[in-house]
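Visitor: Data file target.txt (compact mmCIF, C-alpha atoms) is appended below.
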```txt
# COMPACT_ATOMS: atom_id res chain seq x y z
CA MET A 1137 -24.64 -13.41 19.75
CA GLU A 1138 -25.99 -9.91 19.11
CA LEU A 1139 -24.92 -10.15 15.50
CA LEU A 1140 -27.34 -12.97 14.98
CA PHE A 1141 -30.49 -11.44 16.35
CA GLY A 1142 -30.02 -7.73 15.81
CA ALA A 1143 -31.28 -7.63 12.25
CA SER A 1144 -33.66 -5.15 10.61
CA ILE A 1145 -33.74 -2.47 13.29
CA LEU A 1146 -32.29 0.15 10.97
CA SER A 1147 -32.88 -1.63 7.71
CA ARG A 1148 -33.73 1.49 5.66
CA GLY A 1149 -32.66 4.41 7.73
CA GLY A 1150 -28.93 3.83 7.68
CA LEU A 1151 -26.63 5.36 10.28
CA ASP A 1152 -25.75 8.90 11.18
CA SER A 1153 -22.26 9.99 10.25
CA ALA A 1154 -20.75 10.00 13.75
CA SER A 1155 -21.98 6.61 14.80
CA GLU A 1156 -21.08 5.17 11.41
CA GLN A 1157 -17.53 6.44 11.76
CA ALA A 1158 -17.27 4.96 15.24
CA LEU A 1159 -18.53 1.61 13.94
CA ILE A 1160 -16.04 1.70 11.06
CA GLU A 1161 -13.16 2.22 13.50
CA ARG A 1162 -14.33 -0.75 15.56
CA CYS A 1163 -14.74 -2.87 12.43
CA ARG A 1164 -11.11 -2.14 11.54
CA ARG A 1165 -10.24 -3.94 14.76
CA ASN A 1166 -12.36 -6.94 13.67
CA ASP A 1167 -15.16 -6.10 16.09
CA PHE A 1168 -18.01 -8.47 15.20
CA GLU A 1169 -20.59 -6.61 17.23
CA ALA A 1170 -19.91 -3.33 15.44
CA PHE A 1171 -20.02 -5.02 12.08
CA GLY A 1172 -23.34 -6.61 13.03
CA LYS A 1173 -24.80 -3.12 13.47
CA ILE A 1174 -23.59 -2.13 10.02
CA VAL A 1175 -25.16 -5.26 8.58
CA ASP A 1176 -28.39 -4.39 10.39
CA ALA A 1177 -28.38 -0.95 8.80
CA TYR A 1178 -27.64 -1.99 5.23
CA GLN A 1179 -28.68 -5.60 4.74
CA GLY A 1180 -32.16 -4.80 3.40
CA ARG A 1181 -30.92 -2.28 0.87
CA VAL A 1182 -27.99 -4.37 -0.29
CA PHE A 1183 -30.10 -7.50 -0.44
CA GLY A 1184 -32.81 -5.72 -2.46
CA PHE A 1185 -30.27 -4.29 -4.89
CA VAL A 1186 -28.54 -7.63 -5.43
CA ARG A 1187 -31.82 -9.52 -5.74
CA ARG A 1188 -32.91 -7.23 -8.58
CA MET A 1189 -29.50 -7.31 -10.23
CA VAL A 1190 -29.25 -11.11 -10.12
CA PRO A 1191 -32.36 -12.98 -11.25
CA ASP A 1192 -31.42 -16.28 -9.61
CA ALA A 1193 -32.63 -16.16 -6.01
CA ASP A 1194 -29.99 -18.54 -4.62
CA GLU A 1195 -27.21 -16.68 -6.34
CA ALA A 1196 -28.56 -13.37 -5.11
CA THR A 1197 -28.63 -14.69 -1.55
CA ASP A 1198 -25.04 -15.85 -1.82
CA ILE A 1199 -23.80 -12.63 -3.43
CA ALA A 1200 -25.54 -10.46 -0.82
CA GLN A 1201 -23.68 -12.38 1.90
CA GLU A 1202 -20.45 -12.09 -0.05
CA VAL A 1203 -20.85 -8.30 -0.11
CA PHE A 1204 -20.69 -8.14 3.68
CA ILE A 1205 -17.92 -10.68 3.93
CA ARG A 1206 -15.78 -8.70 1.48
CA ALA A 1207 -16.59 -5.54 3.42
CA PHE A 1208 -15.58 -7.11 6.73
CA GLN A 1209 -12.33 -8.38 5.25
CA GLY A 1210 -11.63 -5.08 3.52
CA PHE A 1211 -12.27 -2.57 6.29
CA GLN A 1212 -8.51 -2.05 6.69
CA ARG A 1213 -8.44 -0.75 3.11
CA PHE A 1214 -11.57 1.42 3.44
CA ASP A 1215 -10.16 4.95 3.51
CA ALA A 1216 -13.49 6.76 4.01
CA ARG A 1217 -12.98 8.91 0.90
CA SER A 1218 -16.39 7.64 -0.13
CA SER A 1219 -19.28 6.96 2.21
CA LEU A 1220 -19.83 3.51 3.67
CA ARG A 1221 -23.04 3.25 1.66
CA THR A 1222 -21.25 4.03 -1.61
CA TRP A 1223 -18.50 1.54 -0.76
CA LEU A 1224 -20.95 -1.26 0.07
CA PHE A 1225 -22.95 -0.74 -3.10
CA ARG A 1226 -19.76 -0.61 -5.16
CA ILE A 1227 -18.81 -4.01 -3.78
CA ALA A 1228 -22.33 -5.27 -4.49
CA HIS A 1229 -22.33 -3.91 -8.02
CA ASN A 1230 -18.89 -5.34 -8.81
CA LEU A 1231 -19.90 -8.77 -7.56
CA CYS A 1232 -23.06 -8.68 -9.66
CA ILE A 1233 -21.10 -7.64 -12.76
CA ASP A 1234 -18.48 -10.33 -12.09
CA ARG A 1235 -21.26 -12.84 -11.93
CA ALA A 1236 -22.69 -11.58 -15.24
CA ARG A 1237 -19.23 -11.85 -16.83
CA LYS A 1238 -18.87 -15.40 -15.63
CA LEU A 1239 -22.05 -16.17 -17.48
CA LYS A 1240 -20.37 -14.61 -20.54
CA ARG A 1241 -23.25 -12.30 -20.97
CA ALA A 1242 -21.63 -8.94 -21.53
CA PRO A 1243 -24.18 -6.25 -20.75
CA ALA A 1244 -24.98 -4.31 -23.90
CA GLU A 1245 -24.74 -0.53 -23.74
CA ALA A 1246 -27.84 1.14 -25.11
CA THR A 1247 -27.50 4.63 -26.54
CA LEU A 1248 -29.86 7.51 -26.93
CA ASP A 1249 -29.52 7.11 -30.70
CA ALA A 1250 -30.97 3.63 -30.46
CA ILE A 1251 -34.23 4.97 -29.15
CA GLY A 1252 -36.84 6.23 -31.53
CA ASP A 1253 -38.47 9.62 -31.14
CA GLU A 1254 -41.68 8.05 -29.93
CA ASP A 1255 -39.86 6.58 -26.92
CA LEU A 1256 -38.61 9.99 -25.88
CA VAL A 1257 -42.11 11.47 -25.64
CA PHE A 1258 -43.33 11.15 -22.09
CA ASP A 1259 -46.36 13.33 -22.43
CA VAL A 1260 -48.84 10.46 -22.51
CA PRO A 1261 -52.39 11.79 -22.16
CA ASP A 1262 -53.46 9.17 -19.68
CA SER A 1263 -54.71 9.98 -16.20
CA ARG A 1264 -53.38 6.66 -14.96
CA TRP A 1265 -49.85 8.17 -15.13
CA ASP A 1266 -50.53 10.28 -12.09
CA PRO A 1267 -48.25 8.74 -9.44
CA GLU A 1268 -50.64 9.70 -6.64
CA THR A 1269 -53.50 7.78 -8.19
CA MET A 1270 -51.36 5.06 -9.69
CA MET A 1271 -51.04 2.78 -6.70
CA LEU A 1272 -48.90 -0.27 -7.01
CA GLY A 1273 -51.13 -3.27 -7.27
CA GLU A 1274 -49.77 -6.77 -7.42
CA GLU A 1275 -50.09 -6.91 -11.18
CA LEU A 1276 -48.50 -3.54 -11.84
CA ARG A 1277 -45.71 -4.32 -9.42
CA SER A 1278 -45.03 -7.50 -11.31
CA VAL A 1279 -44.85 -5.54 -14.57
CA ILE A 1280 -42.35 -3.08 -13.09
CA GLU A 1281 -40.22 -5.84 -11.57
CA GLY A 1282 -40.30 -7.67 -14.90
CA SER A 1283 -39.27 -4.55 -16.77
CA ILE A 1284 -36.36 -3.94 -14.41
CA ALA A 1285 -35.27 -7.56 -14.79
CA THR A 1286 -35.21 -7.34 -18.58
CA MET A 1287 -33.14 -4.17 -18.93
CA SER A 1288 -29.35 -4.40 -19.16
CA GLU A 1289 -27.29 -4.48 -15.97
CA LYS A 1290 -25.88 -1.05 -16.78
CA LEU A 1291 -29.30 0.58 -16.94
CA ARG A 1292 -30.69 -1.47 -14.07
CA SER A 1293 -27.94 -0.55 -11.64
CA VAL A 1294 -28.36 3.18 -12.29
CA LEU A 1295 -32.15 3.00 -12.02
CA LEU A 1296 -32.01 1.11 -8.73
CA LEU A 1297 -29.31 3.28 -7.18
CA HIS A 1298 -31.06 6.52 -8.12
CA ASP A 1299 -34.74 5.75 -7.83
CA ARG A 1300 -34.67 3.23 -5.02
CA GLU A 1301 -31.57 4.06 -3.02
CA ASP A 1302 -31.69 7.85 -3.47
CA PHE A 1303 -28.09 8.08 -4.64
CA ALA A 1304 -27.11 11.43 -6.19
CA TYR A 1305 -25.74 11.42 -9.72
CA ASP A 1306 -22.16 11.98 -8.61
CA GLU A 1307 -22.51 9.27 -5.98
CA ILE A 1308 -23.64 6.80 -8.64
CA ALA A 1309 -20.78 7.93 -10.88
CA GLN A 1310 -18.36 7.22 -8.04
CA THR A 1311 -19.94 3.84 -7.30
CA LEU A 1312 -19.97 2.65 -10.91
CA ASN A 1313 -16.81 4.49 -11.96
CA VAL A 1314 -18.47 6.21 -14.92
CA PRO A 1315 -18.95 9.91 -15.78
CA VAL A 1316 -21.99 11.75 -14.44
CA GLY A 1317 -23.25 12.29 -17.98
CA THR A 1318 -23.27 8.55 -18.53
CA VAL A 1319 -25.25 8.10 -15.33
CA LYS A 1320 -27.89 10.56 -16.52
CA SER A 1321 -28.22 9.01 -19.97
CA ARG A 1322 -28.46 5.51 -18.47
CA LEU A 1323 -31.12 6.66 -16.04
CA PHE A 1324 -33.11 8.22 -18.85
CA LEU A 1325 -32.82 5.06 -20.94
CA ALA A 1326 -33.78 2.86 -18.01
CA ARG A 1327 -36.92 4.88 -17.40
CA ALA A 1328 -37.67 4.81 -21.12
CA HIS A 1329 -37.46 1.02 -20.97
CA LEU A 1330 -39.76 1.00 -17.96
CA GLN A 1331 -42.20 3.31 -19.67
CA ALA A 1332 -42.29 1.08 -22.74
CA SER A 1333 -43.20 -1.87 -20.52
CA LEU A 1334 -45.90 0.14 -18.79
CA ASN A 1335 -47.28 1.39 -22.07
CA GLU A 1336 -47.56 -2.19 -23.21
CA TYR A 1337 -49.25 -3.19 -19.95
CA LEU A 1338 -51.65 -0.25 -19.99
CA GLY A 1339 -52.38 -0.83 -23.65
CA THR A 1340 -53.36 -4.39 -23.04
CA GLU A 1341 -55.21 -3.56 -19.85
CA ALA A 1342 -57.30 -0.71 -21.30
CA PRO A 1343 -59.71 -2.79 -23.35
CA ARG A 1344 -60.68 -4.72 -20.25
CA LYS A 1345 -61.97 -1.55 -18.58
CA MET B 1237 -26.63 12.35 -34.33
CA ASN B 1238 -30.38 12.38 -34.28
CA ARG B 1239 -32.17 15.63 -34.68
CA HIS B 1240 -33.68 15.44 -31.20
CA HIS B 1241 -30.22 15.55 -29.63
CA HIS B 1242 -29.82 19.16 -30.66
CA GLU B 1243 -32.74 20.23 -28.52
CA PHE B 1244 -32.48 17.48 -25.93
CA ASP B 1245 -31.71 18.66 -22.43
CA ILE B 1246 -31.28 15.52 -20.36
CA ASP B 1247 -31.32 17.35 -17.03
CA LYS B 1248 -34.66 18.90 -17.91
CA GLU B 1249 -36.03 15.60 -19.17
CA LEU B 1250 -34.98 13.72 -16.04
CA GLU B 1251 -36.89 16.23 -13.92
CA SER B 1252 -40.02 16.11 -16.04
CA ALA B 1253 -43.26 15.01 -14.42
CA LYS B 1254 -43.43 11.74 -16.33
CA GLN B 1255 -39.87 10.80 -15.46
CA LEU B 1256 -40.54 11.59 -11.82
CA ALA B 1257 -43.70 9.49 -11.98
CA LEU B 1258 -41.69 6.54 -13.20
CA SER B 1259 -39.14 7.17 -10.47
CA GLU B 1260 -41.92 7.16 -7.90
CA LEU B 1261 -43.20 3.81 -9.16
CA VAL B 1262 -39.75 2.28 -8.69
CA ARG B 1263 -39.53 3.82 -5.24
CA GLN B 1264 -42.87 2.26 -4.23
CA LEU B 1265 -41.64 -1.26 -4.89
CA PRO B 1266 -41.74 -3.30 -1.70
CA GLU B 1267 -38.78 -3.64 0.62
CA ASP B 1268 -36.62 -6.72 0.49
CA GLU B 1269 -35.63 -7.99 3.86
CA PRO B 1270 -33.37 -11.03 4.03
CA SER B 1271 -34.52 -13.93 6.15
CA LEU B 1272 -33.14 -14.85 9.54
CA GLU B 1273 -31.69 -17.94 7.90
CA TRP B 1274 -29.75 -15.70 5.51
CA ARG B 1275 -28.43 -13.69 8.43
CA SER B 1276 -27.51 -16.81 10.33
CA GLN B 1277 -25.56 -18.13 7.34
CA LEU B 1278 -23.78 -14.78 7.04
CA ASN B 1279 -22.80 -14.96 10.70
CA GLU B 1280 -21.37 -18.42 10.23
CA ARG B 1281 -19.31 -17.26 7.27
CA LEU B 1282 -18.08 -14.20 9.16
CA VAL B 1283 -17.08 -16.22 12.20
CA ALA B 1284 -15.11 -18.57 9.93
CA ILE B 1285 -12.92 -15.75 8.57
CA PRO B 1286 -10.39 -15.55 11.45
CA ARG B 1287 -9.95 -19.33 11.35
CA LYS B 1288 -8.98 -19.12 7.72
CA ARG B 1289 -6.33 -16.55 8.58
CA LYS B 1290 -4.79 -18.80 11.25
CA SER B 1291 -4.64 -21.72 8.86
CA PHE B 1292 -1.38 -20.35 7.38
CA TRP B 1293 0.53 -22.12 10.16
CA ALA B 1294 -1.47 -25.29 9.82
CA HIS B 1295 -0.26 -25.88 6.27
CA PRO B 1296 2.56 -28.48 6.46
CA VAL B 1297 4.58 -27.17 3.52
CA ARG B 1298 4.48 -23.58 4.74
CA LEU B 1299 5.31 -24.69 8.26
CA ALA B 1300 8.33 -26.72 7.01
CA TRP B 1301 9.50 -23.78 4.90
CA VAL B 1302 9.32 -21.36 7.80
CA GLY B 1303 11.04 -23.89 10.09
CA GLY B 1304 13.87 -24.38 7.60
CA VAL B 1305 14.47 -20.67 7.25
CA ALA B 1306 14.47 -20.26 11.03
CA THR B 1307 17.01 -23.09 11.44
CA ILE B 1308 19.37 -21.55 8.88
CA VAL B 1309 19.19 -18.20 10.60
CA LEU B 1310 19.87 -19.71 14.02
CA VAL B 1311 22.86 -21.71 12.74
CA TRP B 1312 24.29 -18.63 11.08
CA LEU B 1313 23.90 -16.62 14.27
CA ALA B 1314 25.51 -19.37 16.38
CA MET B 1315 28.62 -19.58 14.17
CA PRO B 1316 31.70 -17.63 15.44
CA GLN B 1317 32.22 -14.58 13.31
CA PRO B 1318 35.76 -14.29 11.78
CA VAL B 1319 37.76 -11.33 12.99
CA LYS B 1320 40.27 -9.72 10.61
CA PRO B 1321 43.76 -9.54 12.20
CA GLY B 1322 45.13 -6.15 13.10
CA ILE B 1323 41.82 -4.39 12.91
CA ARG B 1324 40.16 -3.40 16.12
CA GLN B 1325 36.51 -4.39 16.29
CA ASP B 1326 35.51 -1.93 18.94
CA GLY B 1327 35.31 1.04 16.63
CA VAL B 1328 38.28 3.00 18.12
CA LEU B 1329 40.70 2.44 15.24
CA GLU B 1330 40.98 6.13 14.61
CA SER B 1331 41.88 6.94 18.19
CA VAL B 1332 44.54 4.19 18.22
CA LEU B 1333 46.14 5.59 15.06
CA VAL B 1334 46.19 9.12 16.46
CA SER B 1335 47.69 7.85 19.69
CA GLU B 1336 50.46 5.96 17.85
CA HIS B 1337 51.30 9.01 15.77
CA ALA B 1338 51.42 11.26 18.81
CA GLN B 1339 53.84 8.89 20.57
CA THR B 1340 56.14 8.76 17.53
CA VAL B 1341 56.25 12.55 17.28
CA ALA B 1342 56.94 12.88 20.98
CA VAL B 1343 59.83 10.39 20.84
CA SER B 1344 61.30 12.18 17.84
CA GLU B 1345 61.14 15.55 19.54
CA ILE B 1346 62.83 14.27 22.68
CA ALA B 1347 65.59 12.17 21.06
CA GLY B 1348 66.10 14.15 17.87
CA ALA B 1349 66.63 12.69 14.45
CA GLY B 1350 70.11 11.42 15.41
CA LEU B 1351 72.72 10.00 13.04
CA ASN B 1352 71.81 7.70 10.29
CA TYR B 1353 73.42 4.34 9.92
CA TYR B 1354 76.38 5.50 7.72
CA GLU B 1355 77.13 8.53 9.85
CA SER B 1356 77.20 6.47 12.97
CA GLN B 1357 79.52 3.93 11.27
CA ARG B 1358 81.98 6.66 10.28
CA HIS B 1359 82.23 8.00 13.76
CA THR B 1360 82.63 4.64 15.38
CA SER B 1361 85.17 3.27 12.91
CA ASN B 1362 88.88 3.14 14.00
CA ARG B 1363 90.16 3.06 10.45
CA PRO B 1364 91.63 6.26 8.92
CA VAL B 1365 89.39 8.29 6.71
CA SER B 1366 91.89 8.11 3.84
CA GLU B 1367 91.14 4.42 3.48
CA GLU B 1368 87.83 5.28 2.07
CA TRP B 1369 89.24 7.52 -0.63
CA ASN B 1370 89.06 6.44 -4.24
CA GLU B 1371 89.94 7.72 -7.71
CA SER B 1372 87.10 10.17 -7.88
CA ASP B 1373 88.41 11.96 -4.85
CA LEU B 1374 91.49 12.93 -6.85
CA ASP B 1375 89.43 15.36 -8.90
CA THR B 1376 88.57 17.32 -5.81
CA LEU B 1377 92.16 18.06 -5.05
```
Let me see whether you can do it: turn the structure in this file into structure tokens.
Guide:
Amino acid sequence: MELLFGASILSRGGLDSASEQALIERCRRNDFEAFGKIVDAYQGRVFGFVRRMVPDADEATDIAQEVFIRAFQGFQRFDARSSLRTWLFRIAHNLCIDRARKLKRAPAEATLDAIGDEDLVFDVPDSRWDPETMMLGEELRSVIEGSIATMSEKLRSVLLLHDREDFAYDEIAQTLNVPVGTVKSRLFLARAHLQASLNEYLGTEAPRK
Amino acid sequence: MNRHHHEFDIDKELESAKQLALSELVRQLPEDEPSLEWRSQLNERLVAIPRKRKSFWAHPVRLAWVGGVATIVLVWLAMPQPVKPGIRQDGVLESVLVSEHAQTVAVSEIAGAGLNYYESQRHTSNRPVSEEWNESDLDTL
């Protein structure tokens, strides 16, 4: 079956609008082959998003599959008002939030007021902040992944959708069903959380150099 | 509200060099590609979806319920439908009524109204008219 072996050809690039629309029409007629191409195009991105939203690897694997199953079952209701990408990530986000609710761990909403002035200052006089020279080593990558894992789901989802998936603010607002202003403040807070983790890492690393 | 909110422009802050540097670090995180085993499991679950849809008819209670409803409908359809007497079922009641009326008018025009029962009795009776007189007729004299 083509569906089984066609993975990862378009894992990051997605699909152009015309071919995506054609595939959606075929999926509405329960065409497995067409749906397989959509899975090929989005499985890496959806899987990566879910894996970072859900710490448990087995659960993340199951939820990522559930995203595509829900999509396949729901293509009749997909009205194309939003893009396929937005729709898939909305399903993924909702499943991750449902899972968090089942664990009775309501994600806490951080506010800008909760952050001290020192957290808002990003002008750190440290040459290691240059993104071109700051290559991701194994250790630094682990720090960033750990920081993402420890922020609330609300901040994490915005950070991942914007900084990893290149969603625009209004696209994230549509996906998460929140105002654009909320998206921006969450993104800022998420990066502030990440910066705090990096500051701690760089602070502990500096004496070793 | 904190004092920094008055001068805080979030759009400007989000586009600052440090924020973009943090964004770039997140972007550089490695790709996550699911395994072939994951994809194979997904395929199995997808293939199972149509079977689940067909299982509606395999459920004995649902099947019995649908069968019962179908039987009732068939029996009702097979029963002879009662016809009300005097009412035509072919939908031409109006034309029948018009036709009857037209015939009655035609007969009346041809034969005339004629004598009523009492008038006809007077003319056919052999008895003298005076026999029918009574006391009230005296006042007319």
Visitor: Smallest atom-to-atom distance to Leu1323 (chain A): which of B:Val1341, B:Ile1285, B:Leu1258, B:Ile1308, using all atoms listed in the file?
Guide: B:Leu1258
Visitor: Which residues are close to His1229 (chain A), i.e. within 9 Å by only C-alpha atoms, leaving aside same-chain residues fewer than 4 positions away? Reply as a PyMOL selection string.
Guide: chain A and resi 1185-1186+1189+1224-1225+1233-1234+1293+1311-1312
Visitor: Check every residue of chain B for an atom within 9 Å of chain A, counting all atoms listed in the file, and provide those that qualify as a PDB file with C-alpha atoms, keeping the file's coordinate frame.
Guide:
```
ATOM      1  CA  MET B1237     -26.630  12.350 -34.330  1.00  0.00           C
ATOM      2  CA  ASN B1238     -30.380  12.380 -34.280  1.00  0.00           C
ATOM      3  CA  HIS B1240     -33.680  15.440 -31.200  1.00  0.00           C
ATOM      4  CA  HIS B1241     -30.220  15.550 -29.630  1.00  0.00           C
ATOM      5  CA  ILE B1246     -31.280  15.520 -20.360  1.00  0.00           C
ATOM      6  CA  ASP B1247     -31.320  17.350 -17.030  1.00  0.00           C
ATOM      7  CA  GLU B1249     -36.030  15.600 -19.170  1.00  0.00           C
ATOM      8  CA  LEU B1250     -34.980  13.720 -16.040  1.00  0.00           C
ATOM      9  CA  SER B1252     -40.020  16.110 -16.040  1.00  0.00           C
ATOM     10  CA  ALA B1253     -43.260  15.010 -14.420  1.00  0.00           C
ATOM     11  CA  LYS B1254     -43.430  11.740 -16.330  1.00  0.00           C
ATOM     12  CA  GLN B1255     -39.870  10.800 -15.460  1.00  0.00           C
ATOM     13  CA  LEU B1256     -40.540  11.590 -11.820  1.00  0.00           C
ATOM     14  CA  ALA B1257     -43.700   9.490 -11.980  1.00  0.00           C
ATOM     15  CA  LEU B1258     -41.690   6.540 -13.200  1.00  0.00           C
ATOM     16  CA  SER B1259     -39.140   7.170 -10.470  1.00  0.00           C
ATOM     17  CA  GLU B1260     -41.920   7.160  -7.900  1.00  0.00           C
ATOM     18  CA  LEU B1261     -43.200   3.810  -9.160  1.00  0.00           C
ATOM     19  CA  VAL B1262     -39.750   2.280  -8.690  1.00  0.00           C
ATOM     20  CA  ARG B1263     -39.530   3.820  -5.240  1.00  0.00           C
ATOM     21  CA  GLN B1264     -42.870   2.260  -4.230  1.00  0.00           C
ATOM     22  CA  LEU B1265     -41.640  -1.260  -4.890  1.00  0.00           C
ATOM     23  CA  PRO B1266     -41.740  -3.300  -1.700  1.00  0.00           C
ATOM     24  CA  GLU B1267     -38.780  -3.640   0.620  1.00  0.00           C
ATOM     25  CA  ASP B1268     -36.620  -6.720   0.490  1.00  0.00           C
ATOM     26  CA  GLU B1269     -35.630  -7.990   3.860  1.00  0.00           C
ATOM     27  CA  PRO B1270     -33.370 -11.030   4.030  1.00  0.00           C
ATOM     28  CA  LEU B1272     -33.140 -14.850   9.540  1.00  0.00           C
ATOM     29  CA  TRP B1274     -29.750 -15.700   5.510  1.00  0.00           C
ATOM     30  CA  ARG B1275     -28.430 -13.690   8.430  1.00  0.00           C
ATOM     31  CA  SER B1276     -27.510 -16.810  10.330  1.00  0.00           C
ATOM     32  CA  GLN B1277     -25.560 -18.130   7.340  1.00  0.00           C
ATOM     33  CA  LEU B1278     -23.780 -14.780   7.040  1.00  0.00           C
ATOM     34  CA  ASN B1279     -22.800 -14.960  10.700  1.00  0.00           C
ATOM     35  CA  ARG B1281     -19.310 -17.260   7.270  1.00  0.00           C
ATOM     36  CA  LEU B1282     -18.080 -14.200   9.160  1.00  0.00           C
ATOM     37  CA  VAL B1283     -17.080 -16.220  12.200  1.00  0.00           C
ATOM     38  CA  ILE B1285     -12.920 -15.750   8.570  1.00  0.00           C
TER      39      ILE B1285
END
```
Visitor: How many Å lie between CA of Asp1192 (chain A) and CA of Ser1271 (chain B), rounded to one decimal?
Guide: 16.2 Å
Visitor: Provide the CA of Glu1336 (chain A) to CA of Glu1251 (chain B) distance in Å, to one decimal place.
Guide: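 These atoms are spaced 23.2 Å apart.
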Visitor: As an exercise, work out the distance from CA of Ser1333 (chain A) to CA of Gly1282 (chain A) in Å and give it to one decimal place.
Guide: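 According to the coordinates, CA of Ser1333 (chain A) and CA of Gly1282 (chain A) are separated by 8.6 Å.
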Visitor: Just checking: using all atoms listed in the file, which residue out of A:Lys1290, A:Lys1238, A:Arg1164, A:Lys1173 ends up closest to Asp1215 (chain A)?
Guide: A:Arg1164
Visitor: Counting all atoms listed in the file, figure out which residue out of A:Ile1308, A:Val1203, A:Ala1193, A:Val1314 gets nearest to Thr1222 (chain A).
Guide: A:Ile1308
